[in-house]
>>> print(open('work.cif').read())   # mmCIF, C-alpha atoms and all ligand atoms
data_input
loop_
_atom_site.label_atom_id
_atom_site.label_comp_id
_atom_site.auth_asym_id
_atom_site.auth_seq_id
_atom_site.Cartn_x
_atom_site.Cartn_y
_atom_site.Cartn_z
CA MET I 918 -190.96 81.65 210.42
CA ASN I 919 -190.89 78.16 208.95
CA SER I 920 -190.16 79.50 205.52
CA PHE I 921 -187.71 77.72 203.27
CA HIS I 922 -184.87 80.16 202.75
CA ARG I 923 -182.74 79.72 199.72
CA GLN I 924 -179.96 82.18 200.50
CA ARG I 925 -176.76 82.01 198.52
CA THR I 926 -173.40 83.05 199.84
CA PRO I 927 -171.51 85.64 197.75
CA ALA I 928 -168.86 82.97 197.07
CA ALA I 929 -171.35 80.62 195.37
CA GLY I 930 -169.95 81.15 191.86
CA VAL I 931 -166.41 80.41 193.03
CA LEU I 932 -167.61 77.32 194.84
CA LEU I 933 -169.48 76.06 191.81
CA ALA I 934 -166.25 76.27 189.82
CA ALA I 935 -164.38 74.51 192.62
CA ALA I 936 -166.95 71.73 192.75
CA TRP I 937 -166.77 71.29 188.98
CA LEU I 938 -162.97 70.99 189.12
CA CYS I 939 -163.27 68.42 191.88
CA ALA I 940 -165.80 66.45 189.87
CA ALA I 941 -163.26 66.47 187.06
CA GLY I 942 -160.80 64.79 189.39
CA GLY I 943 -158.80 67.79 190.56
CA CYS I 944 -159.45 67.69 194.29
CA GLY I 945 -157.65 64.81 195.98
CA ASP I 946 -160.11 62.73 197.96
CA GLY I 947 -162.80 65.34 197.24
CA SER I 948 -164.38 65.28 200.67
CA THR I 949 -165.34 68.94 200.25
CA ALA I 950 -165.17 71.10 197.16
CA SER I 951 -162.27 73.22 198.43
CA PRO I 952 -160.93 74.70 201.66
CA GLU I 953 -162.71 77.95 200.71
CA ALA I 954 -165.90 76.02 200.22
CA ALA I 955 -165.58 74.50 203.67
CA ALA I 956 -164.89 77.89 205.19
CA ASN I 957 -167.95 79.38 203.47
CA GLY I 958 -170.45 76.66 204.44
CA ALA I 959 -174.01 77.94 204.17
CA ALA I 960 -174.54 77.40 207.87
CA GLY I 961 -170.99 78.33 208.80
CA ASN I 962 -170.49 74.75 209.92
CA GLY I 963 -167.70 73.40 207.75
CA ALA I 964 -169.82 71.93 204.96
CA ALA I 965 -169.74 73.43 201.49
CA PRO I 966 -173.00 75.09 200.40
CA VAL I 967 -175.19 73.05 198.07
CA GLN I 968 -174.88 74.32 194.50
CA PRO I 969 -178.12 74.89 192.56
CA ASN I 970 -177.45 72.15 190.00
CA GLU I 971 -176.44 69.69 192.72
CA ARG I 972 -179.63 70.20 194.71
CA ASP I 973 -181.62 69.04 191.71
CA THR I 974 -179.43 66.11 190.79
CA GLY I 975 -177.49 65.38 193.97
CA ARG I 976 -174.61 64.56 191.65
CA THR I 977 -171.27 65.89 192.80
CA GLY I 978 -169.35 62.96 191.33
CA MET I 979 -167.38 62.53 194.53
CA LEU I 980 -167.73 61.96 198.25
CA ALA I 981 -168.99 65.28 199.55
CA VAL I 982 -170.96 66.83 202.37
CA GLN I 983 -172.69 70.13 201.71
CA SER I 984 -175.28 72.20 203.51
CA GLU I 985 -178.05 74.69 202.91
CA PRO I 986 -180.50 76.60 205.12
CA PHE I 987 -183.84 74.81 205.55
CA GLY I 988 -186.00 77.39 207.31
CA GLU I 989 -186.42 78.09 211.01
CA VAL I 990 -188.13 76.63 214.05
CA ASP I 991 -188.92 79.12 216.83
CA GLY I 992 -186.16 81.42 215.60
CA GLN I 993 -183.63 78.57 215.37
CA PRO I 994 -182.14 78.08 211.91
CA ILE I 995 -182.53 74.58 210.48
CA THR I 996 -179.89 73.20 208.13
CA GLN I 997 -180.13 70.50 205.50
CA TYR I 998 -177.02 68.40 204.84
CA LEU I 999 -176.49 66.71 201.49
CA LEU I 1000 -174.23 63.66 201.50
CA SER I 1001 -173.24 62.41 198.08
CA ASN I 1002 -170.85 59.84 196.67
CA LYS I 1003 -168.96 59.10 193.47
CA ASN I 1004 -171.86 57.06 192.07
CA GLY I 1005 -174.28 59.96 192.40
CA LEU I 1006 -176.16 58.56 195.38
CA ALA I 1007 -177.37 61.48 197.48
CA VAL I 1008 -178.88 61.56 200.97
CA SER I 1009 -180.34 64.69 202.58
CA ILE I 1010 -180.68 65.05 206.34
CA ILE I 1011 -181.93 67.95 208.45
CA ASP I 1012 -181.04 68.79 212.04
CA TYR I 1013 -184.74 69.03 212.94
CA GLY I 1014 -185.70 65.53 214.14
CA ALA I 1015 -182.46 64.16 212.57
CA ILE I 1016 -184.78 63.51 209.62
CA VAL I 1017 -183.69 61.88 206.35
CA THR I 1018 -185.55 64.10 203.88
CA SER I 1019 -184.51 62.31 200.69
CA VAL I 1020 -182.44 59.46 199.29
CA VAL I 1021 -181.73 59.74 195.56
CA THR I 1022 -180.60 56.55 193.78
CA SER I 1023 -180.44 55.36 190.16
CA ASP I 1024 -182.77 52.82 188.60
CA LYS I 1025 -181.63 50.18 186.09
CA ASP I 1026 -181.68 52.76 183.28
CA GLY I 1027 -179.68 55.29 185.28
CA ARG I 1028 -182.73 57.43 186.10
CA ARG I 1029 -182.10 59.16 189.45
CA GLU I 1030 -185.05 59.57 191.78
CA ASN I 1031 -185.82 60.08 195.42
CA ILE I 1032 -187.08 56.87 197.09
CA THR I 1033 -188.22 58.06 200.54
CA LEU I 1034 -191.48 59.70 201.60
CA GLY I 1035 -191.27 63.24 202.93
CA PHE I 1036 -192.29 66.86 202.51
CA ALA I 1037 -191.01 69.47 200.06
CA ASP I 1038 -190.20 71.90 202.89
CA LEU I 1039 -189.81 72.21 206.65
CA GLU I 1040 -193.42 73.26 207.22
CA GLY I 1041 -194.70 69.74 206.59
CA TYR I 1042 -192.36 68.22 209.16
CA LEU I 1043 -193.54 70.66 211.83
CA GLY I 1044 -197.08 69.29 211.91
CA LYS I 1045 -198.13 65.92 213.30
CA ASP I 1046 -196.58 63.99 210.45
CA PRO I 1047 -196.21 60.19 210.34
CA TYR I 1048 -192.54 60.35 211.46
CA PHE I 1049 -191.26 60.52 207.86
CA GLY I 1050 -187.50 59.77 207.91
CA ALA I 1051 -187.13 60.73 211.58
CA ILE I 1052 -185.19 59.37 214.51
CA CYS I 1053 -187.78 58.13 217.01
CA GLY I 1054 -187.09 58.12 220.74
CA ARG I 1055 -186.69 58.05 223.66
CA TYR I 1056 -188.68 54.85 223.22
CA ALA I 1057 -189.50 54.13 219.58
CA ASN I 1058 -192.71 52.10 219.08
CA ARG I 1059 -195.31 51.48 221.80
CA ILE I 1060 -195.25 51.20 225.59
CA ALA I 1061 -198.54 49.72 226.80
CA ARG I 1062 -200.75 52.29 228.54
CA GLY I 1063 -197.64 54.54 228.82
CA LYS I 1064 -196.58 52.83 232.05
CA PHE I 1065 -193.43 51.05 233.15
CA SER I 1066 -191.33 50.60 236.30
CA ILE I 1067 -187.64 50.54 237.04
CA GLY I 1068 -187.11 48.83 240.41
CA ASP I 1069 -189.79 50.18 242.76
CA GLU I 1070 -190.22 53.39 240.79
CA GLN I 1071 -193.22 53.67 238.48
CA TYR I 1072 -193.29 56.01 235.50
CA GLU I 1073 -196.21 57.37 233.49
CA LEU I 1074 -195.76 58.69 229.98
CA ALA I 1075 -198.05 60.57 227.62
CA ILE I 1076 -200.79 58.51 225.94
CA ASN I 1077 -200.35 59.91 222.44
CA ASN I 1078 -201.66 56.87 220.57
CA GLU I 1079 -204.75 55.71 222.51
CA PRO I 1080 -204.43 53.80 224.78
CA ASN I 1081 -200.64 53.62 224.48
CA HIS I 1082 -197.47 55.68 224.38
CA LEU I 1083 -195.88 55.90 220.90
CA HIS I 1084 -192.46 56.98 219.57
CA GLY I 1085 -191.38 58.98 222.64
CA GLY I 1086 -194.61 60.91 223.34
CA THR I 1087 -196.04 64.31 222.60
CA LYS I 1088 -192.70 65.77 221.57
CA GLY I 1089 -190.33 62.96 220.69
CA PHE I 1090 -186.80 63.10 219.31
CA ASN I 1091 -188.38 63.56 215.86
CA GLU I 1092 -189.56 67.05 216.88
CA VAL I 1093 -186.46 68.52 218.51
CA VAL I 1094 -183.51 70.39 217.05
CA TRP I 1095 -180.28 68.39 217.14
CA GLN I 1096 -176.75 69.85 217.19
CA ALA I 1097 -175.24 68.86 213.87
CA ARG I 1098 -171.66 68.63 212.64
CA PRO I 1099 -170.79 67.68 209.05
CA LEU I 1100 -168.13 64.99 208.73
CA SER I 1101 -165.75 65.28 205.81
CA ASN I 1102 -163.91 62.23 204.49
CA GLU I 1103 -160.92 62.96 206.78
CA MET I 1104 -163.21 62.91 209.82
CA THR I 1105 -164.77 59.48 209.23
CA GLU I 1106 -163.43 55.96 209.45
CA GLY I 1107 -162.67 54.62 205.98
CA GLU I 1108 -163.89 56.42 202.88
CA ALA I 1109 -167.14 58.14 203.84
CA VAL I 1110 -168.80 61.46 204.53
CA GLY I 1111 -171.46 62.09 207.10
CA VAL I 1112 -173.28 64.19 209.60
CA GLU I 1113 -173.20 63.73 213.36
CA LEU I 1114 -176.26 64.84 215.33
CA LYS I 1115 -176.39 65.22 219.10
CA TYR I 1116 -179.32 65.74 221.42
CA HIS I 1117 -179.43 66.25 225.18
CA SER I 1118 -182.72 64.99 226.58
CA PRO I 1119 -183.18 66.44 230.07
CA ASP I 1120 -184.11 64.34 233.09
CA GLY I 1121 -187.91 63.93 233.15
CA GLU I 1122 -188.43 64.93 229.49
CA GLU I 1123 -191.70 63.36 228.32
CA GLY I 1124 -191.80 61.59 231.71
CA TYR I 1125 -188.66 59.50 231.16
CA PRO I 1126 -186.11 59.32 234.01
CA GLY I 1127 -182.49 60.44 233.63
CA ALA I 1128 -180.72 63.01 231.50
CA LEU I 1129 -179.79 61.26 228.27
CA ASP I 1130 -177.14 62.26 225.75
CA VAL I 1131 -177.73 60.78 222.30
CA THR I 1132 -175.54 60.85 219.21
CA VAL I 1133 -176.77 59.70 215.83
CA THR I 1134 -174.25 59.60 212.97
CA TYR I 1135 -175.29 59.13 209.36
CA THR I 1136 -172.47 58.22 206.95
CA LEU I 1137 -172.46 57.51 203.23
CA ASP I 1138 -169.65 55.64 201.45
CA ASN I 1139 -168.75 54.87 197.84
CA ASP I 1140 -170.25 51.35 198.13
CA ASP I 1141 -173.69 53.00 198.35
CA ARG I 1142 -174.06 52.25 202.04
CA LEU I 1143 -175.96 54.62 204.29
CA ARG I 1144 -174.89 53.74 207.80
CA ILE I 1145 -176.61 54.93 210.99
CA ASP I 1146 -174.65 54.66 214.25
CA TYR I 1147 -176.37 55.44 217.51
CA GLU I 1148 -174.81 56.01 220.94
CA ALA I 1149 -176.36 57.14 224.21
CA VAL I 1150 -175.46 57.54 227.87
CA THR I 1151 -177.66 58.37 230.87
CA ASP I 1152 -177.15 59.67 234.39
CA LYS I 1153 -180.03 57.57 235.89
CA PRO I 1154 -181.48 54.20 234.88
CA THR I 1155 -183.86 54.75 231.95
CA VAL I 1156 -185.44 52.87 229.05
CA LEU I 1157 -184.29 53.46 225.51
CA ASN I 1158 -185.22 52.25 222.04
CA LEU I 1159 -184.04 54.23 219.01
CA THR I 1160 -184.87 53.79 215.36
CA ASN I 1161 -185.00 55.56 212.03
CA HIS I 1162 -188.47 55.84 210.53
CA CYS I 1163 -187.86 56.18 206.77
CA TYR I 1164 -190.74 55.17 204.52
CA TRP I 1165 -189.52 53.63 201.25
CA ASN I 1166 -190.96 53.39 197.77
CA LEU I 1167 -188.27 52.24 195.37
CA ALA I 1168 -190.45 53.15 192.36
CA GLY I 1169 -189.45 56.78 192.99
CA VAL I 1170 -191.19 59.58 194.86
CA PRO I 1171 -191.36 63.09 193.35
CA PRO I 1172 -189.82 65.50 195.88
CA ASP I 1173 -192.11 68.38 194.95
CA GLY I 1174 -195.38 67.08 196.41
CA ARG I 1175 -196.79 65.58 193.17
CA ARG I 1176 -198.63 62.39 194.07
CA GLU I 1177 -200.70 61.64 190.93
CA GLY I 1178 -199.91 58.24 189.53
CA LEU I 1179 -197.55 57.36 192.39
CA PRO I 1180 -197.73 53.58 192.69
CA THR I 1181 -198.07 51.71 195.96
CA MET I 1182 -195.14 49.58 197.10
CA LEU I 1183 -197.20 46.37 197.12
CA ASP I 1184 -195.22 45.06 194.11
CA HIS I 1185 -191.89 45.26 195.96
CA GLU I 1186 -190.34 41.89 196.76
CA LEU I 1187 -189.30 41.57 200.39
CA MET I 1188 -187.16 39.07 202.25
CA LEU I 1189 -187.00 39.29 206.05
CA ASN I 1190 -184.36 37.34 207.94
CA ALA I 1191 -186.80 36.29 210.65
CA ASP I 1192 -188.29 32.90 211.53
CA HIS I 1193 -190.52 34.50 214.18
CA TYR I 1194 -192.68 37.57 214.53
CA LEU I 1195 -194.47 39.17 217.46
CA PRO I 1196 -198.27 38.85 217.28
CA VAL I 1197 -200.11 41.90 218.66
CA ASP I 1198 -203.36 42.71 220.46
CA GLU I 1199 -205.95 45.08 218.99
CA THR I 1200 -203.95 48.10 220.25
CA LEU I 1201 -200.78 46.87 218.49
CA ILE I 1202 -199.05 45.79 221.72
CA PRO I 1203 -197.21 42.45 221.35
CA THR I 1204 -198.82 39.61 223.23
CA GLY I 1205 -195.36 38.49 224.46
CA GLU I 1206 -195.32 35.40 222.26
CA LEU I 1207 -192.74 34.80 219.52
CA LYS I 1208 -194.71 33.03 216.81
CA PRO I 1209 -193.17 31.04 213.94
CA VAL I 1210 -193.84 32.70 210.57
CA ALA I 1211 -193.83 29.35 208.74
CA GLY I 1212 -197.07 28.68 206.89
CA THR I 1213 -198.49 32.17 207.58
CA PRO I 1214 -198.76 35.40 205.54
CA PHE I 1215 -196.00 36.70 207.83
CA ASP I 1216 -193.40 34.43 206.26
CA PHE I 1217 -190.87 36.47 204.26
CA THR I 1218 -187.92 34.12 204.81
CA GLU I 1219 -188.13 33.62 201.02
CA PRO I 1220 -188.87 36.74 198.94
CA HIS I 1221 -192.56 37.58 198.45
CA LYS I 1222 -194.32 40.57 196.99
CA ILE I 1223 -195.47 42.73 199.91
CA GLY I 1224 -199.00 42.79 198.50
CA GLU I 1225 -199.21 39.07 197.80
CA ARG I 1226 -200.87 38.07 201.07
CA ILE I 1227 -201.70 41.46 202.60
CA GLY I 1228 -205.40 40.94 201.84
CA VAL I 1229 -205.52 38.06 204.35
CA LEU I 1230 -204.31 40.43 207.04
CA LYS I 1231 -206.64 43.24 206.04
CA ALA I 1232 -209.60 40.92 206.34
CA GLY I 1233 -208.51 39.87 209.83
CA VAL I 1234 -207.62 41.67 213.06
CA GLU I 1235 -204.61 43.36 211.42
CA ASN I 1236 -207.03 45.54 209.48
CA GLY I 1237 -204.52 47.76 207.67
CA GLY I 1238 -201.77 45.33 206.71
CA TYR I 1239 -198.39 44.55 208.25
CA ASP I 1240 -197.46 46.50 211.39
CA HIS I 1241 -195.44 43.91 213.28
CA CYS I 1242 -192.08 43.50 214.87
CA TYR I 1243 -190.08 40.58 213.49
CA ALA I 1244 -187.55 38.83 215.74
CA LEU I 1245 -184.42 38.72 213.60
CA ASN I 1246 -182.41 35.53 213.30
CA GLY I 1247 -178.95 35.92 214.82
CA GLN I 1248 -177.60 37.51 217.94
CA PRO I 1249 -178.62 40.94 219.27
CA GLY I 1250 -175.59 43.22 219.21
CA GLU I 1251 -174.17 41.43 216.16
CA LEU I 1252 -174.46 43.00 212.71
CA LYS I 1253 -176.71 40.71 210.68
CA LEU I 1254 -178.95 40.76 207.66
CA ALA I 1255 -182.42 42.11 208.45
CA ALA I 1256 -184.08 42.56 205.06
CA ARG I 1257 -183.67 42.64 201.30
CA VAL I 1258 -186.02 44.53 199.02
CA VAL I 1259 -186.20 44.45 195.23
CA HIS I 1260 -188.45 46.61 193.08
CA PRO I 1261 -188.54 44.58 189.85
CA GLU I 1262 -189.75 47.37 187.57
CA SER I 1263 -187.08 49.94 188.41
CA GLY I 1264 -184.50 47.31 189.37
CA ARG I 1265 -183.75 49.23 192.56
CA THR I 1266 -182.71 47.19 195.58
CA MET I 1267 -182.13 47.85 199.26
CA GLN I 1268 -180.49 45.62 201.82
CA VAL I 1269 -180.69 46.33 205.56
CA GLN I 1270 -178.31 45.05 208.21
CA THR I 1271 -178.57 45.81 211.91
CA THR I 1272 -177.26 45.02 215.37
CA GLU I 1273 -180.82 45.28 216.76
CA PRO I 1274 -182.87 42.21 217.72
CA GLY I 1275 -185.98 43.28 215.77
CA VAL I 1276 -187.37 45.08 212.76
CA GLN I 1277 -190.83 46.67 212.71
CA PHE I 1278 -192.29 46.02 209.27
CA TYR I 1279 -195.00 48.66 208.71
CA THR I 1280 -196.84 48.98 205.40
CA GLY I 1281 -197.98 52.59 205.76
CA ASN I 1282 -201.44 51.46 206.85
CA PHE I 1283 -202.42 54.80 208.38
CA LEU I 1284 -201.38 56.96 205.41
CA ASP I 1285 -204.63 58.53 204.23
CA GLY I 1286 -203.78 61.06 201.52
CA SER I 1287 -204.17 64.00 203.91
CA GLU I 1288 -201.91 67.04 203.97
CA ALA I 1289 -200.46 65.93 207.33
CA ASN I 1290 -199.44 62.71 205.57
CA GLY I 1291 -197.81 64.60 202.71
CA GLY I 1292 -200.67 63.52 200.42
CA PHE I 1293 -199.47 59.91 200.54
CA GLU I 1294 -202.11 57.18 200.43
CA GLN I 1295 -202.19 53.84 202.23
CA HIS I 1296 -199.35 51.50 201.12
CA GLN I 1297 -197.45 54.15 199.16
CA GLY I 1298 -194.50 53.54 201.49
CA PHE I 1299 -193.23 50.91 203.88
CA CYS I 1300 -190.92 51.09 206.90
CA LEU I 1301 -188.27 48.70 208.13
CA GLU I 1302 -187.58 50.11 211.60
CA CYS I 1303 -184.63 48.32 213.19
CA GLN I 1304 -185.16 48.38 216.94
CA HIS I 1305 -185.80 46.46 220.16
CA TYR I 1306 -189.22 44.90 220.56
CA PRO I 1307 -192.21 47.12 221.37
CA ASN I 1308 -193.27 47.31 225.04
CA SER I 1309 -190.05 45.63 226.23
CA PRO I 1310 -190.00 47.56 229.54
CA ASN I 1311 -193.16 45.60 230.50
CA GLU I 1312 -192.25 42.26 228.96
CA LYS I 1313 -189.63 40.23 230.81
CA ARG I 1314 -189.36 37.74 227.93
CA PHE I 1315 -188.03 40.40 225.54
CA PRO I 1316 -184.40 41.60 225.25
CA GLU I 1317 -183.63 44.32 227.81
CA THR I 1318 -184.11 48.02 226.97
CA LEU I 1319 -182.87 49.35 230.31
CA LEU I 1320 -179.86 51.69 230.15
CA LYS I 1321 -177.91 52.35 233.35
CA PRO I 1322 -175.35 55.04 234.20
CA GLY I 1323 -171.89 53.90 233.13
CA GLU I 1324 -173.28 51.85 230.21
CA VAL I 1325 -173.22 52.94 226.57
CA TYR I 1326 -176.18 52.22 224.30
CA ARG I 1327 -174.96 51.36 220.80
CA GLN I 1328 -176.72 50.46 217.58
CA THR I 1329 -175.58 50.22 213.98
CA THR I 1330 -177.96 49.89 211.04
CA ILE I 1331 -176.77 49.90 207.42
CA HIS I 1332 -178.86 50.41 204.28
CA GLN I 1333 -177.15 49.38 201.08
CA PHE I 1334 -178.70 50.52 197.82
CA GLY I 1335 -178.21 48.88 194.45
CA VAL I 1336 -179.68 47.87 191.13
CA GLN I 1337 -180.67 44.42 189.97
CA LEU I 1338 -180.17 44.23 186.25
CA PRO I 1339 -182.65 42.19 184.19
CA GLY I 1340 -181.27 38.74 183.47
CA ALA I 1341 -178.78 39.02 186.31
CA GLY I 1342 -180.31 35.84 187.74
CA GLY I 1343 -181.21 37.50 190.98
CA ALA I 1344 -177.68 38.87 191.40
CA VAL I 1345 -177.62 42.36 192.75
CA LYS I 1346 -175.23 44.77 191.11
CA VAL I 1347 -174.50 47.55 193.53
CA SER I 1348 -174.19 50.72 191.54
CA ASN I 1349 -175.87 54.08 191.35
C1 LIG W 1401 -195.04 52.93 213.05
C2 LIG W 1401 -196.01 52.11 213.86
C3 LIG W 1401 -197.39 52.33 213.29
C4 LIG W 1401 -197.73 53.80 213.23
C5 LIG W 1401 -196.62 54.56 212.51
C6 LIG W 1401 -196.82 56.05 212.55
O1 LIG W 1401 -193.75 52.81 213.58
O2 LIG W 1401 -195.64 50.76 213.81
O3 LIG W 1401 -198.35 51.65 214.07
O4 LIG W 1401 -197.92 54.29 214.52
O5 LIG W 1401 -195.38 54.30 213.11
O6 LIG W 1401 -197.98 56.42 211.91
#
>>> encode(input="work.cif", output="structure tokens")
Amino acid sequence: MNSFHRQRTPAAGVLLAAAWLCAAGGCGDGSTASPEAAANGAAGNGAAPVQPNERDTGRTGMLAVQSEPFGEVDGQPITQYLLSNKNGLAVSIIDYGAIVTSVVTSDKDGRRENITLGFADLEGYLGKDPYFGAICGRYANRIARGKFSIGDEQYELAINNEPNHLHGGTKGFNEVVWQARPLSNEMTEGEAVGVELKYHSPDGEEGYPGALDVTVTYTLDNDDRLRIDYEAVTDKPTVLNLTNHCYWNLAGVPPDGRREGLPTMLDHELMLNADHYLPVDETLIPTGELKPVAGTPFDFTEPHKIGERIGVLKAGVENGGYDHCYALNGQPGELKLAARVVHPESGRTMQVQTTEPGVQFYTGNFLDGSEANGGFEQHQGFCLECQHYPNSPNEKRFPETLLKPGEVYRQTTIHQFGVQLPGAGGAVKVSN
């Protein structure tokens, strides 16, 4: 159990040749290597198996979705999907926790490296990990004391982050197996490949009311955009807040567990499109106030190095650094800029847009170098979790997180990766 199987199908050699021909321009839109490849998907699911050379480089030279076995959980096979585009950008996602296990992009010299924190194999994700790359739910972030009411009905949830409820409880959406379906170019809108993941959360799961059906769709296009679309419906009124919990370090993160010499991300330059943030109490629950960032270390309306003013926070009540929800400028439900990040040394950039009202900016304060944390130390990764505000079910002043039968929850968040070339005068050239 939990072992990382690397089985090959007998057709692997044929598929390698097919993939090479496609890379050389012989395969139409190139959404999969060949019809045979699709039929022989490693998981029998319509995606072509990952070829050995492609796993290492992620470079298929075309829009493609491939798959490979990624071990087992309680006898259930887990599959890893590799989305790649014509620029060589590659994103890996597993159906356990709908986790993004790696994102490989080029730096300014064309060096391709993974830029997300994670584990080398499934085993790491099965422990109490810090939600690396996962979809968090049913309620991402904290609910104070694990309590909330809908009408006259009171609900009590697990206290899994004393004294509060965090990221859906003891077994959140990050720890369940999702039903995955690879999406070839023909199956997506526009030019893109993807993977659709569905989860049915039964009524009463982790104490939440209502049976909830959630769909998360990751798509990658040739403009280096990784798009996450969320949809959910319920059969009883419930509360819902979904997010993706990728930790980023644009300097590059070795995928094989090597951590020596890995820099922190404190030199990354961050811009947040937020004039206000949500101050928190000592248990990280927002006080309910929306405070202007102007004149404080929380102001990222103009780009600042993440580490520039973090010491002020560490010396104060926010002992570890930033772990705050920012109220984004613009309308909830409307796609708007959330953040821009530049890593000057590698030239890598990331821009985030979302329909959500907030973004939790977390600087990996609790990473402690332990095995459960993948060996990552404090500040070796940061999160930009697009979401509704923490503790909204108990805070009337915050945008609503109630979902009723007949309504559809929808969220779209887009990460666009690029490279800023030296001397480009701040211009971002999007290429990988
Ligand atoms: C973040 C949260 C942090 C911490 C982390 C997981 O989303 O803001 O306080 O709980 O998840 O370690």
>>> residues_near_ligand(input="work.cif", ligand="ligand LIG 1401 (chain W)", cutoff="6 Å", atoms="all atoms listed in the file", output="ChimeraX atom specification")
/I:1047,1058,1240,1279,1283
>>> residues_around(input="work.cif", residues="Ala1289 of chain I", least_positions_apart="3", cutoff="9 Å", atoms="only C-alpha atoms", output="PyMOL selection string")
chain I and resi 1041-1042+1044-1047+1286+1292
>>> atom_distance(input="work.cif", atom1="atom CA of Phe987 of chain I", atom2="atom CA of Ser1001 of chain I")
17.9 Å
>>> closest_residue(input="work.cif", among="I:Val1017, I:Ile1067, I:Ala1097, I:Ala1149", to="Leu1319 of chain I", atoms="all atoms listed in the file")
I:Ile1067
>>> closest_residue(input="work.cif", among="I:Cys1242, I:Ile1052, I:Leu1338, I:Val1258", to="Ala1168 of chain I", atoms="only C-alpha atoms")
I:Val1258
>>> closest_residue(input="work.cif", among="I:Asn1004, I:Thr1318, I:Ser1009, I:Gln1096", to="Tyr1135 of chain I", atoms="all atoms listed in the file")
I:Ser1009
>>> residues_around(input="work.cif", residues="Ile1060 of chain I", least_positions_apart="4", cutoff="8 Å", atoms="only C-alpha atoms", output="ChimeraX atom specification")
/I:1056,1064-1065,1081-1083,1202,1307-1311
>>> write_last_selection(input="work.cif", atoms="C-alpha atoms", output="PDB file, in the frame of the given file")
ATOM      1  CA  TYR I1056    -188.680  54.850 223.220  1.00  0.00           C
ATOM      2  CA  LYS I1064    -196.580  52.830 232.050  1.00  0.00           C
ATOM      3  CA  PHE I1065    -193.430  51.050 233.150  1.00  0.00           C
ATOM      4  CA  ASN I1081    -200.640  53.620 224.480  1.00  0.00           C
ATOM      5  CA  HIS I1082    -197.470  55.680 224.380  1.00  0.00           C
ATOM      6  CA  LEU I1083    -195.880  55.900 220.900  1.00  0.00           C
ATOM      7  CA  ILE I1202    -199.050  45.790 221.720  1.00  0.00           C
ATOM      8  CA  PRO I1307    -192.210  47.120 221.370  1.00  0.00           C
ATOM      9  CA  ASN I1308    -193.270  47.310 225.040  1.00  0.00           C
ATOM     10  CA  SER I1309    -190.050  45.630 226.230  1.00  0.00           C
ATOM     11  CA  PRO I1310    -190.000  47.560 229.540  1.00  0.00           C
ATOM     12  CA  ASN I1311    -193.160  45.600 230.500  1.00  0.00           C
TER      13      ASN I1311
END
>>> atom_distance(input="work.cif", atom1="atom CA of His1296 of chain I", atom2="atom CA of Leu1167 of chain I")
12.5 Å
>>> closest_residue(input="work.cif", among="I:Glu1312, I:Glu1251, I:Glu1148, I:Glu1235", to="Thr1280 of chain I", atoms="all atoms listed in the file")
I:Glu1235
>>> closest_residue(input="work.cif", among="I:Gly1264, I:Pro1249, I:Pro1119, I:Gly1281", to="Glu1317 of chain I", atoms="all atoms listed in the file")
I:Pro1249
>>> residues_near_point(input="work.cif", point="(-182.4, 50.3, 219.0)", cutoff="9 Å", atoms="all atoms listed in the file", output="list in words")
Tyr1056, Ala1057, Tyr1147, Leu1157, Asn1158, Leu1159, Thr1160, Thr1272, Glu1273, Pro1274, Gly1275, Cys1303, Gln1304, His1305, Tyr1306, Thr1318, Tyr1326, Arg1327, Gln1328 and Thr1329 of chain I
>>> closest_atom_pairs(input="work.cif", of="segment 1132-1175 of chain I", to="segment 1103-1113 of chain I", cutoff="6 Å", atoms="only C-alpha atoms", output="CSV")
residue,atom,partner,partner_atom,distance
I:Val1133,CA,I:Glu1113,CA,5.9
I:Thr1134,CA,I:Glu1113,CA,4.3
I:Tyr1135,CA,I:Gly1111,CA,5.3
I:Thr1136,CA,I:Gly1111,CA,4.0
I:Leu1137,CA,I:Ala1109,CA,5.4
I:Asp1138,CA,I:Ala1109,CA,4.3
>>> closest_residue(input="work.cif", among="I:Ile1227, I:Val1008, I:Ala981, I:Ala1015", to="Thr1213 of chain I", atoms="all atoms listed in the file")
I:Ile1227
>>> atom_distance(input="work.cif", atom1="atom CA of Thr1022 of chain I", atom2="atom CA of Gly1238 of chain I")
27.2 Å
>>> closest_atom_pairs(input="work.cif", of="segment 1233-1272 of chain I", to="segment 1026-1032 of chain I", cutoff="12 Å", atoms="only C-alpha atoms", output="Markdown table")
| residue | atom | partner | partner_atom | distance |
| --- | --- | --- | --- | --- |
| I:His1260 | CA | I:Ile1032 | CA | 11.1 |
| I:Glu1262 | CA | I:Asp1026 | CA | 10.6 |
| I:Ser1263 | CA | I:Asp1026 | CA | 8.0 |
| I:Gly1264 | CA | I:Asp1026 | CA | 8.6 |
| I:Arg1265 | CA | I:Ile1032 | CA | 9.5 |
| I:Thr1266 | CA | I:Ile1032 | CA | 10.7 |
| I:Met1267 | CA | I:Ile1032 | CA | 10.5 |
>>> residues_near_point(input="work.cif", point="(-183.6, 74.6, 215.8)", cutoff="7 Å", atoms="only C-alpha atoms", output="ChimeraX atom specification")
/I:989-990,993-995,1013,1094
